[in-house]
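Source file: input_34.tsv. Holds: TSV, C-alpha atoms.
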```tsv
chain	number	residue	atom	x	y	z
A	1	ILE	CA	-7.07	11.40	16.74
A	2	PHE	CA	-4.13	9.99	14.79
A	3	SER	CA	-1.49	11.46	17.11
A	4	THR	CA	-3.39	10.98	20.36
A	5	THR	CA	-4.26	7.27	20.34
A	6	ASN	CA	-2.23	4.14	20.82
A	7	LYS	CA	-4.94	1.87	19.38
A	8	LEU	CA	-3.57	0.33	16.19
A	9	ARG	CA	-6.93	0.10	14.40
A	10	VAL	CA	-7.80	3.74	15.12
A	11	ARG	CA	-4.33	4.96	14.07
A	12	THR	CA	-4.41	2.88	10.90
A	13	SER	CA	-7.89	4.01	9.93
A	14	ALA	CA	-6.96	7.64	10.61
A	15	ALA	CA	-3.76	7.40	8.54
A	16	VAL	CA	-5.68	5.89	5.62
A	17	GLN	CA	-8.34	8.62	5.84
A	18	ILE	CA	-5.74	11.39	6.13
A	19	SER	CA	-3.90	10.10	3.07
A	20	LYS	CA	-7.23	10.07	1.19
A	21	HIS	CA	-7.89	13.64	2.31
A	22	TYR	CA	-4.55	14.88	0.96
A	23	ASN	CA	-5.10	13.25	-2.46
A	24	ARG	CA	-4.77	16.10	-5.02
A	25	VAL	CA	-4.57	18.63	-2.18
A	26	ASN	CA	-1.01	18.25	-0.89
A	27	ILE	CA	1.15	15.66	-2.62
A	28	ASP	CA	3.88	15.75	0.08
A	29	SER	CA	1.42	15.18	2.93
A	30	ASN	CA	-0.29	12.51	0.85
A	31	ALA	CA	3.03	10.69	0.41
A	32	LYS	CA	3.82	11.03	4.14
A	33	TYR	CA	0.53	9.50	5.28
A	34	LEU	CA	0.65	6.81	2.59
A	35	ALA	CA	4.01	5.71	4.00
A	36	ILE	CA	2.57	5.70	7.51
A	37	SER	CA	-0.56	3.83	6.48
A	38	LYS	CA	1.51	1.27	4.54
A	39	ARG	CA	3.42	0.41	7.70
A	40	LEU	CA	0.28	0.36	9.86
A	41	VAL	CA	-1.86	-1.79	7.52
A	42	ALA	CA	1.00	-4.31	7.34
A	43	GLU	CA	0.99	-4.47	11.13
A	44	LEU	CA	-2.81	-4.52	11.57
A	45	LYS	CA	-3.53	-7.05	8.80
A	46	ASP	CA	-7.06	-5.77	8.10
A	47	ASP	CA	-8.03	-6.47	4.48
A	48	LYS	CA	-10.54	-3.62	4.20
A	49	LEU	CA	-8.08	-0.98	5.40
A	50	THR	CA	-5.31	-2.55	3.32
A	51	ALA	CA	-7.51	-2.40	0.21
A	52	ARG	CA	-8.29	1.26	0.92
A	53	HIS	CA	-4.56	1.92	1.31
A	54	TYR	CA	-3.89	0.30	-2.09
A	55	LEU	CA	-6.61	2.46	-3.67
A	56	ASN	CA	-5.13	5.60	-2.12
A	57	GLN	CA	-1.62	4.56	-3.21
A	58	GLY	CA	-2.88	3.96	-6.76
A	59	ASN	CA	-4.44	7.43	-6.79
A	60	TYR	CA	-1.14	8.91	-5.62
A	61	PHE	CA	0.74	7.18	-8.44
A	62	ASN	CA	-1.89	8.32	-10.94
A	63	ASN	CA	-1.62	11.91	-9.71
A	64	THR	CA	2.19	11.85	-9.89
A	65	GLY	CA	2.40	10.48	-13.44
A	66	GLN	CA	3.28	6.88	-12.55
A	67	PRO	CA	0.42	4.95	-14.20
A	68	ILE	CA	2.06	1.51	-14.22
A	69	LYS	CA	2.61	1.64	-10.46
A	70	GLY	CA	-0.94	2.94	-10.02
A	71	ILE	CA	-2.42	0.07	-12.02
A	72	LYS	CA	-0.56	-2.47	-9.86
A	73	GLU	CA	-1.92	-0.88	-6.68
A	74	TYR	CA	-5.47	-0.85	-8.07
A	75	GLU	CA	-5.19	-4.52	-9.00
A	76	GLN	CA	-4.19	-5.37	-5.43
A	77	ALA	CA	-7.12	-3.34	-4.09
A	78	ILE	CA	-9.53	-5.11	-6.46
A	79	SER	CA	-8.30	-8.52	-5.33
A	80	LEU	CA	-8.96	-7.66	-1.68
A	81	TYR	CA	-12.31	-5.98	-2.39
A	82	GLU	CA	-13.43	-9.04	-4.37
A	83	ASN	CA	-12.58	-11.33	-1.43
A	84	LEU	CA	-14.45	-8.97	0.89
A	85	LYS	CA	-17.40	-8.67	-1.51
A	86	ASP	CA	-17.12	-4.91	-1.02
A	87	THR	CA	-19.23	-3.43	-3.83
A	88	LEU	CA	-18.41	0.20	-3.10
A	89	GLY	CA	-14.69	-0.55	-2.89
A	90	LEU	CA	-14.85	-2.36	-6.23
A	91	ALA	CA	-16.86	0.48	-7.80
A	92	ASN	CA	-14.36	3.11	-6.64
A	93	THR	CA	-11.32	1.09	-7.67
A	94	TYR	CA	-12.64	0.17	-11.12
A	95	ASN	CA	-13.53	3.83	-11.62
A	96	SER	CA	-9.98	4.86	-10.70
A	97	LEU	CA	-8.55	2.17	-12.97
A	98	GLY	CA	-10.73	3.47	-15.80
A	99	VAL	CA	-9.50	7.00	-15.18
A	100	ILE	CA	-5.85	5.96	-15.31
A	101	TYR	CA	-6.43	4.31	-18.72
A	102	LYS	CA	-8.51	7.28	-19.88
A	103	PHE	CA	-5.55	9.56	-19.21
A	104	GLN	CA	-3.21	7.15	-21.01
A	105	GLY	CA	-5.52	7.22	-24.04
A	106	GLY	CA	-5.87	10.95	-23.79
A	107	GLU	CA	-7.46	13.38	-26.17
A	108	LYS	CA	-4.20	14.26	-27.91
A	109	SER	CA	-2.78	10.82	-28.59
A	110	LYS	CA	-6.15	9.04	-28.92
A	111	VAL	CA	-4.67	5.64	-28.23
A	112	THR	CA	-7.77	3.58	-28.85
A	113	ALA	CA	-6.62	0.48	-26.95
A	114	TYR	CA	-6.22	2.50	-23.74
A	115	LEU	CA	-9.57	4.20	-24.22
A	116	GLN	CA	-11.28	0.86	-24.85
A	117	LYS	CA	-9.74	-0.51	-21.65
A	118	ALA	CA	-10.85	2.64	-19.79
A	119	LEU	CA	-14.37	2.08	-21.10
A	120	LEU	CA	-14.31	-1.55	-19.93
A	121	TYR	CA	-13.33	-0.56	-16.39
A	122	GLU	CA	-15.76	2.36	-16.24
A	123	ASN	CA	-18.60	0.04	-17.28
A	124	ARG	CA	-17.62	-2.42	-14.55
A	125	SER	CA	-17.66	0.44	-12.10
A	126	LEU	CA	-21.04	1.56	-13.44
A	127	GLY	CA	-22.57	-1.83	-12.69
A	128	PHE	CA	-21.34	-1.74	-9.10
A	129	TYR	CA	-22.54	1.84	-8.53
A	130	GLU	CA	-25.94	0.94	-10.01
A	131	SER	CA	-26.28	-2.09	-7.72
A	132	ILE	CA	-25.82	0.04	-4.61
A	133	LYS	CA	-27.70	3.06	-6.00
A	134	ASP	CA	-24.75	5.42	-5.44
A	135	THR	CA	-25.87	8.57	-7.26
A	136	ILE	CA	-22.60	10.47	-6.83
A	137	GLY	CA	-20.56	7.51	-8.04
A	138	LEU	CA	-22.90	7.17	-11.03
A	139	LEU	CA	-22.40	10.83	-11.92
A	140	ARG	CA	-18.62	10.42	-11.89
A	141	VAL	CA	-18.75	7.27	-14.00
A	142	TYR	CA	-21.22	8.65	-16.54
A	143	SER	CA	-19.01	11.72	-16.90
A	144	ASN	CA	-15.94	9.55	-17.50
A	145	ILE	CA	-17.79	7.34	-19.99
A	146	GLY	CA	-18.97	10.42	-21.89
A	147	ILE	CA	-15.42	11.77	-22.09
A	148	ILE	CA	-14.10	8.41	-23.29
A	149	TYR	CA	-16.75	8.20	-26.03
A	150	ARG	CA	-15.91	11.77	-27.05
A	151	ASP	CA	-12.23	10.88	-27.27
A	152	LEU	CA	-13.05	7.78	-29.29
A	153	ASP	CA	-14.99	10.05	-31.71
```
Exercise: express the given structure as structure tokens:
Amino acid sequence: IFSTTNKLRVRTSAAVQISKHYNRVNIDSNAKYLAISKRLVAELKDDKLTARHYLNQGNYFNNTGQPIKGIKEYEQAISLYENLKDTLGLANTYNSLGVIYKFQGGEKSKVTAYLQKALLYENRSLGFYESIKDTIGLLRVYSNIGIIYRDLD
């Protein structure tokens, strides 16, 4: 659909979904479709798709060892999701933000400040997932919270 339509909204949505699909699967294809979706969301000016792009971009930076850049992308996504009152978007983004801090705190270095921040964001995410009764999201968050508590001893 991405290559066969001239409709900006359809192309933008497809590019954002394709970049999400390639997350952790093919880093080069992920980067390619993130670049495309960045250009398209700027042209379309749709806050929901732009927020999703920021979340995907944050995940890319997290997966490529660039946590500071990832955090900045997540913060932009959160700002848009808050304006949109998008509970699922907020839940997913806070979960991703928690994960990035969880990895910074890590089992080996046990940097407590990062793990505490990870716990804060995971608990925010938990509240959003609970409010929309998202069982799969809750499973992910409870798993992350358990790992953080383990790492905190």
- Quick one: everything within 10 Å of Asn62 of chain A, counting only C-alpha atoms, minus sequence neighbours fewer than 6 positions away in the same chain. Send it as JSON, numbers by chain. {"A": [56, 68, 69, 70, 71, 96, 97, 99, 100, 101, 103]}
Could you turn the residues from that selection into a file that holds C-alpha atoms, as a PDB file, keeping the file's coordinate frame?
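For reference, out.pdb as written:
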```
ATOM      1  CA  ASN A  56      -5.130   5.600  -2.120  1.00  0.00           C
ATOM      2  CA  ILE A  68       2.060   1.510 -14.220  1.00  0.00           C
ATOM      3  CA  LYS A  69       2.610   1.640 -10.460  1.00  0.00           C
ATOM      4  CA  GLY A  70      -0.940   2.940 -10.020  1.00  0.00           C
ATOM      5  CA  ILE A  71      -2.420   0.070 -12.020  1.00  0.00           C
ATOM      6  CA  SER A  96      -9.980   4.860 -10.700  1.00  0.00           C
ATOM      7  CA  LEU A  97      -8.550   2.170 -12.970  1.00  0.00           C
ATOM      8  CA  VAL A  99      -9.500   7.000 -15.180  1.00  0.00           C
ATOM      9  CA  ILE A 100      -5.850   5.960 -15.310  1.00  0.00           C
ATOM     10  CA  TYR A 101      -6.430   4.310 -18.720  1.00  0.00           C
ATOM     11  CA  PHE A 103      -5.550   9.560 -19.210  1.00  0.00           C
TER      12      PHE A 103
END
```
- Select, from A:Leu138, A:Thr112, A:Ser79, A:Lys117, the residue with the minimum atom-to-atom distance to Arg150 of chain A, counting only C-alpha atoms.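 Ranking A:Leu138, A:Thr112, A:Ser79, A:Lys117 by distance to Arg150 of chain A, first place goes to A:Thr112.
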- What separation in Å, quoted to one decimal, exists between atom CA of Tyr54 of chain A and atom CA of Thr93 of chain A?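 Rounded to one decimal, the two atoms are 9.3 Å apart.
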- Message: Excluding Leu90 of chain A and its own-chain neighbours fewer than 6 positions away, which residues fall within 8 Å of it when counting only C-alpha atoms? Please give them as a ChimeraX atom specification.
- Response: /A:78,81-82,125,128
- Message: I'd like the contact shell of Leu88 of chain A - 12 Å cut-off, all atoms listed in the file, skipping same-chain residues fewer than 3 positions apart - returned as a ChimeraX atom specification.
- Response: /A:48,51-52,77-78,81-82,84-85,91-95,124-138
- Option closest in space to Leu40 of chain A, from A:Thr12, A:Gln104, A:Asn123, A:Gln17 [counting all atoms listed in the file]: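 So, comparing all the options, the nearest one is A:Thr12.
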- Message: Here is a test: counting only C-alpha atoms, which residue of A:Asn23, A:Gly65, A:Glu73, A:Tyr149 is nearest to Lys38 of chain A?
- Response: A:Glu73
- Message: Taking all atoms listed in the file into account, name the residue in A:Leu152, A:Val111, A:Leu119, A:Leu44 that is nearest to Ser13 of chain A.
- Response: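 Of A:Leu152, A:Val111, A:Leu119, A:Leu44, the one nearest Ser13 of chain A, counting all atoms listed in the file, is A:Leu44.
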- Interatomic distance, atom CA of Asn144 of chain A to atom CA of Thr64 of chain A (Å, one decimal):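 Answer for the atom CA of Asn144 of chain A to atom CA of Thr64 of chain A separation: 19.8 Å.
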Atoms added to segment 34-55 of chain A (N, CA and C atoms), reported as a PDB file, in the frame of the given file:
```
ATOM      1  N   LEU A  34       0.653   8.099   3.281  1.00  0.00           N
ATOM      2  CA  LEU A  34       0.650   6.810   2.590  1.00  0.00           C
ATOM      3  C   LEU A  34       1.747   5.908   3.163  1.00  0.00           C
ATOM      4  N   ALA A  35       2.915   6.488   3.418  1.00  0.00           N
ATOM      5  CA  ALA A  35       4.010   5.710   4.000  1.00  0.00           C
ATOM      6  C   ALA A  35       3.638   5.211   5.398  1.00  0.00           C
ATOM      7  N   ILE A  36       3.003   6.083   6.160  1.00  0.00           N
ATOM      8  CA  ILE A  36       2.570   5.700   7.510  1.00  0.00           C
ATOM      9  C   ILE A  36       1.501   4.606   7.427  1.00  0.00           C
ATOM     10  N   SER A  37       0.521   4.811   6.564  1.00  0.00           N
ATOM     11  CA  SER A  37      -0.560   3.830   6.480  1.00  0.00           C
ATOM     12  C   SER A  37      -0.061   2.494   5.927  1.00  0.00           C
ATOM     13  N   LYS A  38       0.936   2.519   5.054  1.00  0.00           N
ATOM     14  CA  LYS A  38       1.510   1.270   4.540  1.00  0.00           C
ATOM     15  C   LYS A  38       2.088   0.441   5.687  1.00  0.00           C
ATOM     16  N   ARG A  39       2.830   1.094   6.558  1.00  0.00           N
ATOM     17  CA  ARG A  39       3.420   0.410   7.700  1.00  0.00           C
ATOM     18  C   ARG A  39       2.337  -0.091   8.652  1.00  0.00           C
ATOM     19  N   LEU A  40       1.332   0.733   8.902  1.00  0.00           N
ATOM     20  CA  LEU A  40       0.280   0.360   9.860  1.00  0.00           C
ATOM     21  C   LEU A  40      -0.620  -0.754   9.333  1.00  0.00           C
ATOM     22  N   VAL A  41      -0.991  -0.718   8.041  1.00  0.00           N
ATOM     23  CA  VAL A  41      -1.860  -1.790   7.520  1.00  0.00           C
ATOM     24  C   VAL A  41      -1.116  -3.121   7.504  1.00  0.00           C
ATOM     25  N   ALA A  42       0.203  -3.076   7.293  1.00  0.00           N
ATOM     26  CA  ALA A  42       1.000  -4.310   7.340  1.00  0.00           C
ATOM     27  C   ALA A  42       0.990  -4.892   8.749  1.00  0.00           C
ATOM     28  N   GLU A  43       1.001  -4.017   9.731  1.00  0.00           N
ATOM     29  CA  GLU A  43       0.990  -4.470  11.130  1.00  0.00           C
ATOM     30  C   GLU A  43      -0.406  -4.943  11.561  1.00  0.00           C
ATOM     31  N   LEU A  44      -1.438  -4.212  11.152  1.00  0.00           N
ATOM     32  CA  LEU A  44      -2.810  -4.520  11.570  1.00  0.00           C
ATOM     33  C   LEU A  44      -3.374  -5.756  10.867  1.00  0.00           C
ATOM     34  N   LYS A  45      -3.046  -5.912   9.606  1.00  0.00           N
ATOM     35  CA  LYS A  45      -3.530  -7.050   8.800  1.00  0.00           C
ATOM     36  C   LYS A  45      -5.061  -7.059   8.693  1.00  0.00           C
ATOM     37  N   ASP A  46      -5.626  -5.908   8.336  1.00  0.00           N
ATOM     38  CA  ASP A  46      -7.060  -5.770   8.100  1.00  0.00           C
ATOM     39  C   ASP A  46      -7.254  -5.560   6.595  1.00  0.00           C
ATOM     40  N   ASP A  47      -7.919  -6.518   5.936  1.00  0.00           N
ATOM     41  CA  ASP A  47      -8.030  -6.470   4.480  1.00  0.00           C
ATOM     42  C   ASP A  47      -8.761  -5.233   3.971  1.00  0.00           C
ATOM     43  N   LYS A  48      -9.777  -4.790   4.665  1.00  0.00           N
ATOM     44  CA  LYS A  48     -10.540  -3.620   4.200  1.00  0.00           C
ATOM     45  C   LYS A  48      -9.678  -2.357   4.232  1.00  0.00           C
ATOM     46  N   LEU A  49      -8.964  -2.146   5.326  1.00  0.00           N
ATOM     47  CA  LEU A  49      -8.080  -0.980   5.400  1.00  0.00           C
ATOM     48  C   LEU A  49      -6.899  -1.118   4.438  1.00  0.00           C
ATOM     49  N   THR A  50      -6.412  -2.329   4.259  1.00  0.00           N
ATOM     50  CA  THR A  50      -5.310  -2.550   3.320  1.00  0.00           C
ATOM     51  C   THR A  50      -5.773  -2.250   1.895  1.00  0.00           C
ATOM     52  N   ALA A  51      -6.973  -2.685   1.535  1.00  0.00           N
ATOM     53  CA  ALA A  51      -7.510  -2.400   0.210  1.00  0.00           C
ATOM     54  C   ALA A  51      -7.654  -0.895  -0.001  1.00  0.00           C
ATOM     55  N   ARG A  52      -8.147  -0.200   1.017  1.00  0.00           N
ATOM     56  CA  ARG A  52      -8.290   1.260   0.920  1.00  0.00           C
ATOM     57  C   ARG A  52      -6.927   1.919   0.746  1.00  0.00           C
ATOM     58  N   HIS A  53      -5.928   1.403   1.461  1.00  0.00           N
ATOM     59  CA  HIS A  53      -4.560   1.920   1.310  1.00  0.00           C
ATOM     60  C   HIS A  53      -4.086   1.744  -0.139  1.00  0.00           C
ATOM     61  N   TYR A  54      -4.304   0.543  -0.705  1.00  0.00           N
ATOM     62  CA  TYR A  54      -3.890   0.300  -2.090  1.00  0.00           C
ATOM     63  C   TYR A  54      -4.599   1.265  -3.050  1.00  0.00           C
ATOM     64  N   LEU A  55      -5.883   1.512  -2.826  1.00  0.00           N
ATOM     65  CA  LEU A  55      -6.610   2.460  -3.670  1.00  0.00           C
ATOM     66  C   LEU A  55      -6.011   3.852  -3.545  1.00  0.00           C
TER      67      LEU A  55
END
```
